Amino acid sequence: MPHRKHHKQHRKPTPAESYLCLILTGVLIFLSTALGAPIQFGIVLATAAAFLMSMRLGFTWQELEEVVCDRIGKLSSTMLIMWMIGFLLGAMLYSGLLPMLVYYGFTIISPQRLYLSALLVCMLMSTMTGSSWSSAGTAGVACMALAHGHGANMAIMAGAVVAGSVFGDKISPMSETTNLAPACVGTDLWSHIRSQLWTTVPAVTIAAVLFAVLGQDLRTGGGELPQTAVTIMEQLDMLFNWNIILILPVVVLLAMALLKKPVVPTMFLSGLLCIILGRIVQGYDLSIGFTAAITGFKADSIVPAGMVLDDKVSYILNRGGMTGMVSVILICFCGFTMTTLLTHAGFLEKAIEPLVRNLNTRWKTMLTAELATLLVLSIGGISYVSSVFVGEAWRKPFLRNGMGKPCLSRTLEDVGTCCSCVLPWCSSAVFFATTLDVPVWGSGGFAPYTVLPFVCPIAAFLLALFGIGISPVSPEELALELEEIEEEIREEEIEAFID
């Protein structure tokens with residue numbers, strides 16, 4: 001346990017100080033981004049502001065640094081997954097696996113089913129792996145390449161990829177967020193997943209209908225492929241050899257996921273297998289594969305002399321690598337540091353305090369929980385902190401209004417997991433925008449087409465309003481649950497006093 005003997009006394013923030021700190025951090029991030037600075041710069045400025053405000057309360061640099069270092073370790077598993085996504089994507093390009101999926105995707109998937117197919121494929125991939133990022137970074141990239149070849153709307157395609165990827169991240173037992181949310185409120189995994197079906201199934205059904213309708217506009221004359229798709233297929237066929245054995249890494253990835261093996265070793269093993277297959281099937285130098293896994297695949301390294309590569313083919317091939325994940329990891333690191341300071345100093349707790357007062361109806365309790373989750377998510381940029389903070393603060397109000405723990409854990413994901421992909425400064429949104437090469441909002445942005453971030457919170461509110469799917473709690477269960485919560489609080493207070 002870290003030593004805290006030399007920490008001086010500090011006071012709790014006032015409501016005015018809390019609101020000022022949160023507004024200041026938000027304004028700094030917004031202004032720096034509006035002025036063209038990288039989002040990381042704005043978060044660093046906001047973190048500095050949070051540190052100065054914390055010093056007013058009596059905190060020292062040594063104490064805050066210690067807390068940040070303690071909590072930043074919780075990001076380790078997330079950062080490892082990000083590194084491995086880059087590693088695997090570069091290796092899959094080197095092996096010819098992703099190019100093969102694109103090549104045959106043009107012949108198998110009709111344009112009218114393009115968006116819907118992307119949604120379904122990414123749903124399957126993310127549910128099996130438990131990772132929205134690995135789904136978007138593999139199957140999603142292939143879908144975007146198909147969209148390029150068919151002349152489809154890239155924003156709609158990216159929206160379909162993100163919607164399908166978030167679906168699995170939200171309900172897969174392999175997902176970190178799916179395991180974190182129930183742990184934060186004290187319920188079990190399968191109760192949490194069953195509760196999520198109440199909001200997730202209607203949302204993804206609406207998404208499927210939307211993408212099926214939007215895909216009707218994608219038609220090619222006489223059933224023939226557009227010239228862009230033909231060019232892509234011709235050049236990929238010249239660069240790569242097609243062999244059914246190339247899908248072996250995907251089989252390994254899905255099999256290991258079904259066996260509930262750890263995600264990072266699974267992705268690493270699949271990546272190594274891709275490099276081996278690239279050498280055997282394609283005949284490329286191993287050094288190209290090693291480089292692709294670390295710094296990204298470069299089409300120029302395999303293009304024959306005299307061949308002019310089409311821009312669309314370059315878009316498909318020039319990506320991946322562990323170093324390509326640096327920007328996203330930096331955002332996670334900076335955002336988690338800022339949120340740690342805001343939480344440890346008590347700014348978030350004090351700011352949200354008014355929301356938990358007078359929660360005497362289901363709809364008020366649900367609405368304030370959603371708003372609080374969105375607020376913490378907006379400030380921190382990652383859903384982990386919002387799950388921990390809101391999951392703890394809203395346990396009592398939910399129980400007192402007859403809504404069980406699975407209902408609260410579901411709410412954390414209805415807002416936290418889903419909305420993190422449409423807030424431009426959140427790590428998930430940055431990852432999707434970077435990987436799919438489509439902005440989050442604005443002209444050509446994918447956010448309006450993601451569906452789940454908008455439908456799930458609304459569905460959760462309506463369910464609470466009408467008392468449907470809320471995991472109702474009996475009076476006996478309520479008394480027992482509240483007693484357990486009070487006991488936990490007393491134990492924490494004793495530990496804090498001893499510490």
# chains A, B, ... in the order shown; residues from 1 in each chain; ligands from 1
>>> residues_around(residues="Val230 in chain A", least_positions_apart="3", cutoff="12 Å", atoms="only C-alpha atoms", output="number ranges by chain")
A: 102-104, 106-107, 146, 148-151, 224-227, 233-237, 310, 312-313
>>> select_by_dssp(residues="range 198-334 of chain A", states="alpha helix (DSSP H)", output="ChimeraX atom specification")
/A:198-214,227-239,248-258,263-277,286-295,311-317,326-334
>>> residues_around(residues="Thr199 in chain A", least_positions_apart="3", cutoff="10 Å", atoms="only C-alpha atoms", output="PDB file with all heavy atoms, in the first residue's frame")
ATOM      1  N   SER A 195     -30.138  -8.283 -18.717  1.00  0.00           N
ATOM      2  CA  SER A 195     -30.771  -6.966 -18.568  1.00  0.00           C
ATOM      3  C   SER A 195     -30.496  -6.084 -19.778  1.00  0.00           C
ATOM      4  O   SER A 195     -31.357  -5.311 -20.215  1.00  0.00           O
ATOM      5  CB  SER A 195     -30.258  -6.289 -17.292  1.00  0.00           C
ATOM      6  OG  SER A 195     -30.836  -5.008 -17.123  1.00  0.00           O
ATOM      7  N   GLN A 196     -29.300  -6.220 -20.348  1.00  0.00           N
ATOM      8  CA  GLN A 196     -28.927  -5.386 -21.489  1.00  0.00           C
ATOM      9  C   GLN A 196     -29.756  -5.687 -22.736  1.00  0.00           C
ATOM     10  O   GLN A 196     -29.907  -4.820 -23.605  1.00  0.00           O
ATOM     11  CB  GLN A 196     -27.440  -5.578 -21.803  1.00  0.00           C
ATOM     12  CG  GLN A 196     -26.518  -4.969 -20.778  1.00  0.00           C
ATOM     13  CD  GLN A 196     -25.333  -4.309 -21.448  1.00  0.00           C
ATOM     14  OE1 GLN A 196     -25.430  -3.186 -21.928  1.00  0.00           O
ATOM     15  NE2 GLN A 196     -24.228  -4.999 -21.488  1.00  0.00           N
ATOM     16  N   PRO A 202     -33.716  -3.858 -29.191  1.00  0.00           N
ATOM     17  CA  PRO A 202     -34.477  -2.869 -29.964  1.00  0.00           C
ATOM     18  C   PRO A 202     -33.574  -1.918 -30.747  1.00  0.00           C
ATOM     19  O   PRO A 202     -33.872  -1.577 -31.902  1.00  0.00           O
ATOM     20  CB  PRO A 202     -35.267  -2.103 -28.899  1.00  0.00           C
ATOM     21  CG  PRO A 202     -35.371  -3.038 -27.758  1.00  0.00           C
ATOM     22  CD  PRO A 202     -34.100  -3.818 -27.760  1.00  0.00           C
ATOM     23  N   ALA A 203     -32.458  -1.513 -30.128  1.00  0.00           N
ATOM     24  CA  ALA A 203     -31.550  -0.567 -30.788  1.00  0.00           C
ATOM     25  C   ALA A 203     -30.920  -1.174 -32.034  1.00  0.00           C
ATOM     26  O   ALA A 203     -30.872  -0.543 -33.101  1.00  0.00           O
ATOM     27  CB  ALA A 203     -30.471  -0.109 -29.810  1.00  0.00           C
ATOM     28  N   VAL A 204     -30.425  -2.408 -31.927  1.00  0.00           N
ATOM     29  CA  VAL A 204     -29.756  -3.023 -33.073  1.00  0.00           C
ATOM     30  C   VAL A 204     -30.774  -3.419 -34.143  1.00  0.00           C
ATOM     31  O   VAL A 204     -30.445  -3.458 -35.346  1.00  0.00           O
ATOM     32  CB  VAL A 204     -28.905  -4.223 -32.621  1.00  0.00           C
ATOM     33  CG1 VAL A 204     -29.744  -5.480 -32.407  1.00  0.00           C
ATOM     34  CG2 VAL A 204     -27.780  -4.499 -33.599  1.00  0.00           C
ATOM     35  N   ARG A 410     -26.759  -2.025 -16.472  1.00  0.00           N
ATOM     36  CA  ARG A 410     -27.140  -1.838 -17.876  1.00  0.00           C
ATOM     37  C   ARG A 410     -27.070  -0.369 -18.269  1.00  0.00           C
ATOM     38  O   ARG A 410     -26.587  -0.023 -19.361  1.00  0.00           O
ATOM     39  CB  ARG A 410     -28.556  -2.364 -18.088  1.00  0.00           C
ATOM     40  CG  ARG A 410     -29.084  -2.181 -19.504  1.00  0.00           C
ATOM     41  CD  ARG A 410     -30.546  -2.569 -19.582  1.00  0.00           C
ATOM     42  NE  ARG A 410     -31.423  -1.597 -18.949  1.00  0.00           N
ATOM     43  CZ  ARG A 410     -32.632  -1.874 -18.475  1.00  0.00           C
ATOM     44  NH1 ARG A 410     -33.096  -3.112 -18.512  1.00  0.00           N
ATOM     45  NH2 ARG A 410     -33.369  -0.923 -17.940  1.00  0.00           N
ATOM     46  N   THR A 411     -27.517   0.498 -17.394  1.00  0.00           N
ATOM     47  CA  THR A 411     -27.513   1.939 -17.678  1.00  0.00           C
ATOM     48  C   THR A 411     -26.100   2.459 -17.894  1.00  0.00           C
ATOM     49  O   THR A 411     -25.869   3.315 -18.747  1.00  0.00           O
ATOM     50  CB  THR A 411     -28.182   2.704 -16.515  1.00  0.00           C
ATOM     51  OG1 THR A 411     -29.500   2.188 -16.318  1.00  0.00           O
ATOM     52  CG2 THR A 411     -28.261   4.186 -16.822  1.00  0.00           C
ATOM     53  N   ASP A 414     -25.433   1.520 -21.396  1.00  0.00           N
ATOM     54  CA  ASP A 414     -26.311   2.202 -22.351  1.00  0.00           C
ATOM     55  C   ASP A 414     -25.784   3.588 -22.678  1.00  0.00           C
ATOM     56  O   ASP A 414     -25.950   4.084 -23.799  1.00  0.00           O
ATOM     57  CB  ASP A 414     -27.732   2.317 -21.777  1.00  0.00           C
ATOM     58  CG  ASP A 414     -28.490   1.001 -21.844  1.00  0.00           C
ATOM     59  OD1 ASP A 414     -28.128   0.152 -22.674  1.00  0.00           O
ATOM     60  OD2 ASP A 414     -29.434   0.827 -21.058  1.00  0.00           O
ATOM     61  N   LEU A 452     -27.071   3.117 -31.792  1.00  0.00           N
ATOM     62  CA  LEU A 452     -27.081   2.641 -30.411  1.00  0.00           C
ATOM     63  C   LEU A 452     -26.896   3.741 -29.365  1.00  0.00           C
ATOM     64  O   LEU A 452     -27.595   3.730 -28.347  1.00  0.00           O
ATOM     65  CB  LEU A 452     -26.021   1.546 -30.213  1.00  0.00           C
ATOM     66  CG  LEU A 452     -26.485   0.109 -30.493  1.00  0.00           C
ATOM     67  CD1 LEU A 452     -26.756  -0.098 -31.977  1.00  0.00           C
ATOM     68  CD2 LEU A 452     -25.462  -0.900 -29.999  1.00  0.00           C
ATOM     69  N   VAL A 455     -30.478   5.412 -29.238  1.00  0.00           N
ATOM     70  CA  VAL A 455     -31.658   4.588 -28.930  1.00  0.00           C
ATOM     71  C   VAL A 455     -31.565   3.949 -27.544  1.00  0.00           C
ATOM     72  O   VAL A 455     -32.560   3.919 -26.801  1.00  0.00           O
ATOM     73  CB  VAL A 455     -31.857   3.508 -30.005  1.00  0.00           C
ATOM     74  CG1 VAL A 455     -33.013   2.577 -29.626  1.00  0.00           C
ATOM     75  CG2 VAL A 455     -32.124   4.150 -31.363  1.00  0.00           C
ATOM     76  N   CYS A 456     -30.396   3.447 -27.173  1.00  0.00           N
ATOM     77  CA  CYS A 456     -30.267   2.732 -25.894  1.00  0.00           C
ATOM     78  C   CYS A 456     -30.620   3.603 -24.679  1.00  0.00           C
ATOM     79  O   CYS A 456     -31.397   3.161 -23.818  1.00  0.00           O
ATOM     80  CB  CYS A 456     -28.859   2.149 -25.747  1.00  0.00           C
ATOM     81  SG  CYS A 456     -28.581   0.666 -26.743  1.00  0.00           S
ATOM     82  N   PRO A 457     -30.088   4.832 -24.555  1.00  0.00           N
ATOM     83  CA  PRO A 457     -30.474   5.658 -23.402  1.00  0.00           C
ATOM     84  C   PRO A 457     -31.960   6.004 -23.390  1.00  0.00           C
ATOM     85  O   PRO A 457     -32.581   6.042 -22.321  1.00  0.00           O
ATOM     86  CB  PRO A 457     -29.607   6.918 -23.565  1.00  0.00           C
ATOM     87  CG  PRO A 457     -28.445   6.482 -24.380  1.00  0.00           C
ATOM     88  CD  PRO A 457     -29.006   5.471 -25.334  1.00  0.00           C
ATOM     89  N   ILE A 458     -32.533   6.252 -24.574  1.00  0.00           N
ATOM     90  CA  ILE A 458     -33.965   6.570 -24.640  1.00  0.00           C
ATOM     91  C   ILE A 458     -34.782   5.352 -24.235  1.00  0.00           C
ATOM     92  O   ILE A 458     -35.763   5.454 -23.474  1.00  0.00           O
ATOM     93  CB  ILE A 458     -34.345   7.034 -26.060  1.00  0.00           C
ATOM     94  CG1 ILE A 458     -33.661   8.366 -26.376  1.00  0.00           C
ATOM     95  CG2 ILE A 458     -35.864   7.171 -26.198  1.00  0.00           C
ATOM     96  CD1 ILE A 458     -33.846   8.838 -27.804  1.00  0.00           C
ATOM     97  N   ALA A 459     -34.401   4.181 -24.722  1.00  0.00           N
ATOM     98  CA  ALA A 459     -35.110   2.951 -24.365  1.00  0.00           C
ATOM     99  C   ALA A 459     -35.027   2.691 -22.867  1.00  0.00           C
ATOM    100  O   ALA A 459     -36.014   2.293 -22.235  1.00  0.00           O
ATOM    101  CB  ALA A 459     -34.524   1.768 -25.144  1.00  0.00           C
ATOM    102  N   ALA A 460     -33.853   2.934 -22.272  1.00  0.00           N
ATOM    103  CA  ALA A 460     -33.677   2.726 -20.829  1.00  0.00           C
ATOM    104  C   ALA A 460     -34.587   3.653 -20.033  1.00  0.00           C
ATOM    105  O   ALA A 460     -35.194   3.240 -19.026  1.00  0.00           O
ATOM    106  CB  ALA A 460     -32.218   2.960 -20.446  1.00  0.00           C
ATOM    107  N   PHE A 461     -34.692   4.898 -20.476  1.00  0.00           N
ATOM    108  CA  PHE A 461     -35.560   5.861 -19.786  1.00  0.00           C
ATOM    109  C   PHE A 461     -37.030   5.440 -19.876  1.00  0.00           C
ATOM    110  O   PHE A 461     -37.759   5.477 -18.879  1.00  0.00           O
ATOM    111  CB  PHE A 461     -35.371   7.249 -20.395  1.00  0.00           C
ATOM    112  CG  PHE A 461     -36.293   8.286 -19.822  1.00  0.00           C
ATOM    113  CD1 PHE A 461     -36.032   8.867 -18.590  1.00  0.00           C
ATOM    114  CD2 PHE A 461     -37.432   8.672 -20.506  1.00  0.00           C
ATOM    115  CE1 PHE A 461     -36.893   9.824 -18.051  1.00  0.00           C
ATOM    116  CE2 PHE A 461     -38.306   9.619 -19.986  1.00  0.00           C
ATOM    117  CZ  PHE A 461     -38.024  10.195 -18.745  1.00  0.00           C
ATOM    118  N   LEU A 462     -37.466   5.022 -21.050  1.00  0.00           N
ATOM    119  CA  LEU A 462     -38.864   4.603 -21.227  1.00  0.00           C
ATOM    120  C   LEU A 462     -39.171   3.346 -20.420  1.00  0.00           C
ATOM    121  O   LEU A 462     -40.265   3.214 -19.842  1.00  0.00           O
ATOM    122  CB  LEU A 462     -39.150   4.369 -22.713  1.00  0.00           C
ATOM    123  CG  LEU A 462     -39.112   5.619 -23.606  1.00  0.00           C
ATOM    124  CD1 LEU A 462     -39.305   5.236 -25.064  1.00  0.00           C
ATOM    125  CD2 LEU A 462     -40.168   6.624 -23.170  1.00  0.00           C
ATOM    126  N   LEU A 463     -38.232   2.419 -20.362  1.00  0.00           N
ATOM    127  CA  LEU A 463     -38.437   1.210 -19.568  1.00  0.00           C
ATOM    128  C   LEU A 463     -38.594   1.549 -18.089  1.00  0.00           C
ATOM    129  O   LEU A 463     -39.436   0.976 -17.396  1.00  0.00           O
ATOM    130  CB  LEU A 463     -37.267   0.244 -19.772  1.00  0.00           C
ATOM    131  CG  LEU A 463     -37.174  -0.438 -21.139  1.00  0.00           C
ATOM    132  CD1 LEU A 463     -35.856  -1.188 -21.266  1.00  0.00           C
ATOM    133  CD2 LEU A 463     -38.341  -1.388 -21.355  1.00  0.00           C
ATOM    134  N   GLY A 469     -38.707  -4.292 -17.470  1.00  0.00           N
ATOM    135  CA  GLY A 469     -37.310  -4.699 -17.599  1.00  0.00           C
ATOM    136  C   GLY A 469     -36.369  -4.000 -16.641  1.00  0.00           C
ATOM    137  O   GLY A 469     -35.221  -3.715 -16.996  1.00  0.00           O
TER     138      GLY A 469
END
>>> residues_around(residues="range 430-441 of chain A", least_positions_apart="6", cutoff="9 Å", atoms="only C-alpha atoms", output="PyMOL selection string")
chain A and resi 133+136-137+140-141+144+154-155+158+161-162+319-320+325+327-328+331+421-424+447-448
>>> atom_distance(atom1="CA of Tyr284 in chain A", atom2="CA of Met267 in chain A")
21.7 Å
>>> residues_around(residues="Gly168 in chain A", least_positions_apart="2", cutoff="8 Å", atoms="only C-alpha atoms", output="ChimeraX atom specification")
/A:123-128,130-132,164-166,170-172,175
>>> write_last_selection(atoms="all heavy atoms", output="CSV table (one decimal), in the first residue's frame")
chain,number,residue,atom,x,y,z
A,123,MET,N,-21.0,-7.2,-35.7
A,123,MET,CA,-21.7,-7.7,-34.5
A,123,MET,C,-21.1,-9.1,-34.1
A,123,MET,O,-20.8,-9.3,-32.9
A,123,MET,CB,-23.2,-7.8,-34.8
A,123,MET,CG,-24.0,-6.5,-34.7
A,123,MET,SD,-25.7,-6.7,-35.2
A,123,MET,CE,-26.3,-7.9,-34.0
A,124,LEU,N,-21.0,-9.9,-35.1
A,124,LEU,CA,-20.5,-11.3,-34.8
A,124,LEU,C,-19.0,-11.2,-34.3
A,124,LEU,O,-18.7,-11.9,-33.3
A,124,LEU,CB,-20.5,-12.1,-36.1
A,124,LEU,CG,-19.9,-13.5,-36.0
A,124,LEU,CD1,-20.7,-14.4,-35.0
A,124,LEU,CD2,-19.9,-14.2,-37.4
A,125,MET,N,-18.2,-10.4,-35.0
A,125,MET,CA,-16.8,-10.4,-34.6
A,125,MET,C,-16.6,-9.8,-33.2
A,125,MET,O,-15.8,-10.3,-32.4
A,125,MET,CB,-16.0,-9.5,-35.6
A,125,MET,CG,-14.5,-9.5,-35.5
A,125,MET,SD,-13.9,-11.1,-36.0
A,125,MET,CE,-12.1,-10.7,-35.9
A,126,SER,N,-17.3,-8.7,-32.9
A,126,SER,CA,-17.2,-8.1,-31.6
A,126,SER,C,-17.7,-9.0,-30.5
A,126,SER,O,-17.2,-9.0,-29.4
A,126,SER,CB,-17.8,-6.7,-31.6
A,126,SER,OG,-19.2,-6.8,-31.9
A,127,THR,N,-18.8,-9.7,-30.8
A,127,THR,CA,-19.4,-10.6,-29.7
A,127,THR,C,-18.4,-11.7,-29.4
A,127,THR,O,-18.3,-12.1,-28.3
A,127,THR,CB,-20.7,-11.1,-30.2
A,127,THR,OG1,-21.6,-10.0,-30.5
A,127,THR,CG2,-21.4,-12.0,-29.1
A,128,MET,N,-17.8,-12.3,-30.5
A,128,MET,CA,-16.9,-13.4,-30.3
A,128,MET,C,-15.6,-12.9,-29.5
A,128,MET,O,-15.1,-13.6,-28.7
A,128,MET,CB,-16.5,-14.0,-31.6
A,128,MET,CG,-17.6,-14.7,-32.3
A,128,MET,SD,-18.1,-16.2,-31.4
A,128,MET,CE,-19.2,-16.9,-32.6
A,130,GLY,N,-15.2,-9.8,-27.9
A,130,GLY,CA,-15.4,-8.9,-26.8
A,130,GLY,C,-14.8,-7.6,-27.0
A,130,GLY,O,-14.8,-6.8,-26.0
A,131,SER,N,-14.3,-7.3,-28.1
A,131,SER,CA,-13.6,-6.0,-28.4
A,131,SER,C,-14.2,-5.3,-29.6
A,131,SER,O,-14.2,-5.8,-30.7
A,131,SER,CB,-12.1,-6.2,-28.6
A,131,SER,OG,-11.5,-5.0,-29.0
A,132,SER,N,-14.7,-4.1,-29.4
A,132,SER,CA,-15.2,-3.3,-30.5
A,132,SER,C,-14.0,-2.8,-31.3
A,132,SER,O,-14.2,-2.6,-32.5
A,132,SER,CB,-16.0,-2.1,-30.0
A,132,SER,OG,-15.2,-1.2,-29.1
A,164,GLY,N,-22.2,-2.1,-35.1
A,164,GLY,CA,-22.0,-3.6,-35.0
A,164,GLY,C,-20.9,-3.9,-33.9
A,164,GLY,O,-21.0,-4.8,-33.1
A,165,SER,N,-19.8,-3.0,-34.0
A,165,SER,CA,-18.7,-3.3,-33.0
A,165,SER,C,-19.1,-3.0,-31.6
A,165,SER,O,-18.7,-3.7,-30.7
A,165,SER,CB,-17.5,-2.4,-33.4
A,165,SER,OG,-17.1,-2.7,-34.7
A,166,VAL,N,-19.9,-1.9,-31.4
A,166,VAL,CA,-20.3,-1.5,-30.0
A,166,VAL,C,-21.3,-2.6,-29.5
A,166,VAL,O,-21.3,-2.8,-28.3
A,166,VAL,CB,-21.0,-0.1,-30.1
A,166,VAL,CG1,-21.7,0.2,-28.7
A,166,VAL,CG2,-19.9,0.9,-30.3
A,170,LYS,N,-20.8,-4.3,-25.9
A,170,LYS,CA,-21.8,-4.1,-24.9
A,170,LYS,C,-22.3,-5.4,-24.2
A,170,LYS,O,-22.6,-5.4,-23.0
A,170,LYS,CB,-22.9,-3.3,-25.5
A,170,LYS,CG,-23.9,-2.7,-24.6
A,170,LYS,CD,-24.9,-1.8,-25.4
A,170,LYS,CE,-25.8,-1.0,-24.5
A,170,LYS,NZ,-26.8,-1.9,-23.8
A,171,ILE,N,-22.4,-6.4,-25.0
A,171,ILE,CA,-23.1,-7.6,-24.4
A,171,ILE,C,-22.2,-8.9,-24.4
A,171,ILE,O,-22.6,-9.9,-23.8
A,171,ILE,CB,-24.4,-8.0,-25.2
A,171,ILE,CG1,-24.0,-8.5,-26.6
A,171,ILE,CG2,-25.3,-6.8,-25.2
A,171,ILE,CD1,-25.2,-9.2,-27.3
A,172,SER,N,-21.0,-8.8,-25.0
A,172,SER,CA,-20.2,-10.0,-25.0
A,172,SER,C,-19.6,-10.3,-23.6
A,172,SER,O,-19.0,-9.4,-22.9
A,172,SER,CB,-19.0,-9.9,-26.0
A,172,SER,OG,-18.1,-10.9,-25.9
A,175,SER,N,-16.0,-9.0,-23.1
A,175,SER,CA,-15.8,-7.6,-23.1
A,175,SER,C,-15.4,-7.1,-21.7
A,175,SER,O,-16.0,-7.5,-20.7
A,175,SER,CB,-17.0,-6.8,-23.6
A,175,SER,OG,-16.8,-5.4,-23.4
>>> closest_residue(among="A:Trp425, A:Lys405, A:Leu259, A:Ser18", to="Thr33 in chain A", atoms="only C-alpha atoms")
A:Trp425
>>> closest_residue(among="A:Val281, A:Thr177, A:Gly391, A:Ile316", to="Cys418 in chain A", atoms="only C-alpha atoms")
A:Thr177
>>> residues_around(residues="Gly42 in chain A", least_positions_apart="6", cutoff="8 Å", atoms="only C-alpha atoms", output="MDAnalysis selection string")
chainID A and resid 28:33
>>> atom_distance(atom1="CA of Tyr449 in chain A", atom2="CA of Ala160 in chain A")
7.0 Å
>>> closest_residue(among="A:Ala139, A:Leu317, A:Val264, A:Met92", to="Arg279 in chain A", atoms="only C-alpha atoms")
A:Met92
